[in-house]
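Beneath this line is the structure, given in structure tokens, with notes to follow.
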Amino acid sequence: MTASDYRPPAWLRNGHVQSLLSAAPPRRLAGERLLRALAPRIEEWLLPAGDATLQAFHLTLPSRPPQGVALLLHGWEGSHRSSYVRHTANALLKAGIDVVQLNFRDHGETHHLNPEPFHSCRLDEVVQAAKSAQARLPALPWFVAGFSLGGNFALRVARAAPAAGLRLAHAAAVCPVVHGESGLRALETGFPLYHWYFMKKWRRSLEAKRRHFPDRHRFVTADLDRDMRGLTRFLVEQYTEFPSLEAYLDGYAIAGDRLAGLQVPASILTAADDPVIPVADFHDLQLPPMARLEIAQHGGHCGFILNARLEGFAERWIRSRFRAALGSAAPAGAGTLAGH
């Protein structure tokens with residue numbers, strides 16, 4: 001299954017429609033219903049991650065032994081409850097692959113676990129959490145998949161995996177952030193709804209952090225009222241060792257040749273009409289032979305919706321990649337996509 005297999009109907013060939021439907025409550029609820037019907041056994045894990053503790057949920061079907069385990073990474077201000085995580089978990093569980101849904105620091109309901117706030121350069125703790133998770137199921141092949149900022153993390157985790165002693169059979173990223181600066185600029189200059197949406201969720205998250213650690217976090221309403229660039233700069237200065245906003249944004253970039261040393265097979269899916277992550281960022285990526293980039297004409301940001309039932313192509317694409325890595329024939333997908 002490749003990007004060329006996804007050809008949405010005419011009414012879904014708009015990047016904004018795809019992006020908004022991806023996060024819409026009906027798709028999120030549909031994913032919840034699918035998982036509820038599968039009735040997986042769900043176990044919460046609190047994973048040691050260096051100086052941090054990260055929360056994860058292990059999903060397995062008691063009726064059969066798993067063939068592998070997939071670590072799923074949500075996007076910025078998402079969580080294990082995000083619609084794309086739920087739908088991907090459903091597709092993988094049906095394919096015989098267990099799922100570990102990891103919440104980044106300060107995502108979901110985890111603001112109380114660590115006193116210091118989340119930022120996008122906290123790669124080491126995600127790698128360590130992945131190792132802690134793998135130690136619980138050491139005999140199985142492991143995969144990692146992520147969406148948006150989670151896709152960026154998935155590729156950086158894969159890059160760091162060999163040196164860290166983390167075994168990964170394949171990494172998959174859907175609409176990953178390539179460079180923080182271009183993504184920030186797209187949110188500043190694009191359709192205002194996206195800026196408003198992310199800022200609303202981010203401010204709410206920071207307020208929760210302040211409630212749990214009031215002595216550590218003394219920012220006031222005026223601080224939170226800044227725009228995205230201004231608030232990011234403020235938090236970089238307050239909570240990181242980066243000398244500037246620009247250095248911080250560059251710190252989690254995967255642009256240019258930064259993935260050239262990947263030793264884990266990787267697949268990247270993005271859309272030419274993504275309104276959040278500029279497609280131009282992907283044209284300059286220098287990837288090794290075991291990494292494959294697929295650019296679809298349509299799909300929006302983490303959308304790739306197939307039909308009026310809000311079924312998604314991306315979760316089937318991830319499933320096909322992981323099943324292929326296990327040596328199984330990927331299941332046939334529904335729908336096709338005009339792409340590159």
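Ordering of the structure tokens sets the chain letters (A, B, ...), residue numbers begin anew at 1 in every chain, and ligands are numbered from 1 in the order given.
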- Please report, as a PyMOL selection string, each residue of segment 205-332 of chain A to which DSSP assigns strand (DSSP E or B) when run on this structure's backbone. chain A and resi 266-271+291-296+305+312
Can I get the selected residues back with C-alpha atoms, as a PDB file, in the first residue's frame?
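Printed below is selection.pdb as written:
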```
ATOM      1  CA  ALA A 266      11.385   4.145   7.895  1.00  0.00           C
ATOM      2  CA  SER A 267       8.336   5.282   5.942  1.00  0.00           C
ATOM      3  CA  ILE A 268       7.063   8.861   5.754  1.00  0.00           C
ATOM      4  CA  LEU A 269       3.611   9.861   4.488  1.00  0.00           C
ATOM      5  CA  THR A 270       2.611  13.487   3.977  1.00  0.00           C
ATOM      6  CA  ALA A 271       0.230  15.505   1.831  1.00  0.00           C
ATOM      7  CA  ALA A 291      13.779   5.288   4.238  1.00  0.00           C
ATOM      8  CA  ARG A 292      10.914   6.092   1.877  1.00  0.00           C
ATOM      9  CA  LEU A 293       9.036   9.372   1.487  1.00  0.00           C
ATOM     10  CA  GLU A 294       5.541   9.405  -0.050  1.00  0.00           C
ATOM     11  CA  ILE A 295       3.780  12.677  -0.863  1.00  0.00           C
ATOM     12  CA  ALA A 296       0.071  12.520  -1.598  1.00  0.00           C
ATOM     13  CA  ILE A 305     -10.036  10.471   5.279  1.00  0.00           C
ATOM     14  CA  GLY A 312      -8.806   6.681   7.366  1.00  0.00           C
TER      15      GLY A 312
END
```
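Within the 10 Å cut-off around Thr221 of chain A, using only C-alpha atoms and omitting residues fewer than 3 positions from it on the same chain, the listed residues are Arg203, Glu207, Arg218, Leu224, Asp225 and Arg226 of chain A.
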- Message: Please determine, counting only C-alpha atoms, which residue among A:Val174, A:Leu326, A:Ala91, A:Leu73 has the shortest atom-to-atom distance to Val126 of chain A.
- Response: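 Of A:Val174, A:Leu326, A:Ala91, A:Leu73, the one nearest Val126 of chain A is A:Leu73, counting only C-alpha atoms.
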- Message: Which residues are near segment 82-89 of chain A? Cut-off 7 Å, only C-alpha atoms, ignore same chain within fewer than 3 positions. Put them as a list in words.
- Response: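 Residues near the query, excluding close chain neighbours: Ala23, Arg27, Arg28, Gly31, Glu32, Leu72, His74, Gly78, Ser79, Leu92, Leu93, Val99 and Glu315 of chain A.
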Since we have the selection now, will you write its residues out, keeping C-alpha atoms, as a PDB file, in the first residue's frame?
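Output file part.pdb follows:
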```
ATOM      1  CA  ALA A  23      -9.824  16.114  14.639  1.00  0.00           C
ATOM      2  CA  ARG A  27     -14.084  10.622  13.989  1.00  0.00           C
ATOM      3  CA  ARG A  28     -12.746  10.551  17.534  1.00  0.00           C
ATOM      4  CA  GLY A  31     -12.362   5.373  16.915  1.00  0.00           C
ATOM      5  CA  GLU A  32     -13.534   4.942  20.489  1.00  0.00           C
ATOM      6  CA  LEU A  72       2.217   5.146  18.996  1.00  0.00           C
ATOM      7  CA  HIS A  74       0.526  11.541  19.302  1.00  0.00           C
ATOM      8  CA  GLY A  78      -2.821  15.455  21.510  1.00  0.00           C
ATOM      9  CA  SER A  79      -2.862  12.325  23.653  1.00  0.00           C
ATOM     10  CA  LEU A  92      -2.968  -2.702  14.397  1.00  0.00           C
ATOM     11  CA  LEU A  93      -4.760  -4.783  17.016  1.00  0.00           C
ATOM     12  CA  VAL A  99      -0.149  -1.247  20.877  1.00  0.00           C
ATOM     13  CA  GLU A 315      -3.836   3.836   9.789  1.00  0.00           C
TER      14      GLU A 315
END
```
- Task: For Ala208 of chain A, list every protein, DNA or RNA residue within 9 Å, evaluated using only C-alpha atoms, and leave out those in the same chain fewer than 6 positions away; present the list as a list of chain:residue names.
- Result: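 Counting only the stated atoms, we get A:Asp106, A:His111, A:His112.
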- In Å, with one decimal, what is the gap from atom CA of Tyr239 of chain A to atom CA of Tyr197 of chain A? 23.5 Å
- With distances taken over only C-alpha atoms, which of A:Pro275, A:Val100, A:Arg167, A:Pro117 is nearest to Gln238 of chain A?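 For Gln238 of chain A, the nearest of the given residues is A:Pro117.
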- Task: Would you kindly return, as a ChimeraX atom specification, each protein, DNA or RNA residue with an atom no farther than 8 Å from any atom of Glu43 of chain A, considering only C-alpha atoms and excluding same-chain residues fewer than 5 positions away?
- Result: /A:57-59
- Pick the closest to Gly251 of chain A from A:Val236, A:Ala272, A:Ala169, A:Leu71: which is it, counting only C-alpha atoms?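 With only C-alpha atoms as the atom set, the closest residue is A:Val236.
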- Task: Once DSSP has gone over the backbone, tell me which residues of segment 231-298 of chain A are in alpha helix (DSSP H), as a PyMOL selection string.
- Result: chain A and resi 231-239+245-251+280-283
Next, dump the selected residues to file, keeping only C-alpha atoms, as a PDB file, in the first residue's frame.
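selection_25.pdb written:
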```
ATOM      1  CA  LEU A 231       4.824  32.419  24.121  1.00  0.00           C
ATOM      2  CA  THR A 232       7.278  29.901  22.669  1.00  0.00           C
ATOM      3  CA  ARG A 233      10.108  32.417  23.010  1.00  0.00           C
ATOM      4  CA  PHE A 234       9.086  33.181  26.611  1.00  0.00           C
ATOM      5  CA  LEU A 235       9.053  29.497  27.588  1.00  0.00           C
ATOM      6  CA  VAL A 236      12.348  28.777  25.812  1.00  0.00           C
ATOM      7  CA  GLU A 237      13.966  31.570  27.818  1.00  0.00           C
ATOM      8  CA  GLN A 238      12.377  30.440  31.094  1.00  0.00           C
ATOM      9  CA  TYR A 239      12.718  26.661  30.889  1.00  0.00           C
ATOM     10  CA  LEU A 245      14.049  30.713  19.979  1.00  0.00           C
ATOM     11  CA  GLU A 246      15.764  29.975  16.671  1.00  0.00           C
ATOM     12  CA  ALA A 247      18.220  27.562  18.311  1.00  0.00           C
ATOM     13  CA  TYR A 248      15.360  25.741  20.037  1.00  0.00           C
ATOM     14  CA  LEU A 249      13.333  25.380  16.833  1.00  0.00           C
ATOM     15  CA  ASP A 250      16.425  24.042  15.095  1.00  0.00           C
ATOM     16  CA  GLY A 251      17.018  21.625  17.960  1.00  0.00           C
ATOM     17  CA  ALA A 280       8.363  22.198   0.552  1.00  0.00           C
ATOM     18  CA  ASP A 281      10.162  21.070   3.717  1.00  0.00           C
ATOM     19  CA  PHE A 282      10.114  17.480   2.483  1.00  0.00           C
ATOM     20  CA  HIS A 283      11.713  18.122  -0.888  1.00  0.00           C
TER      21      HIS A 283
END
```
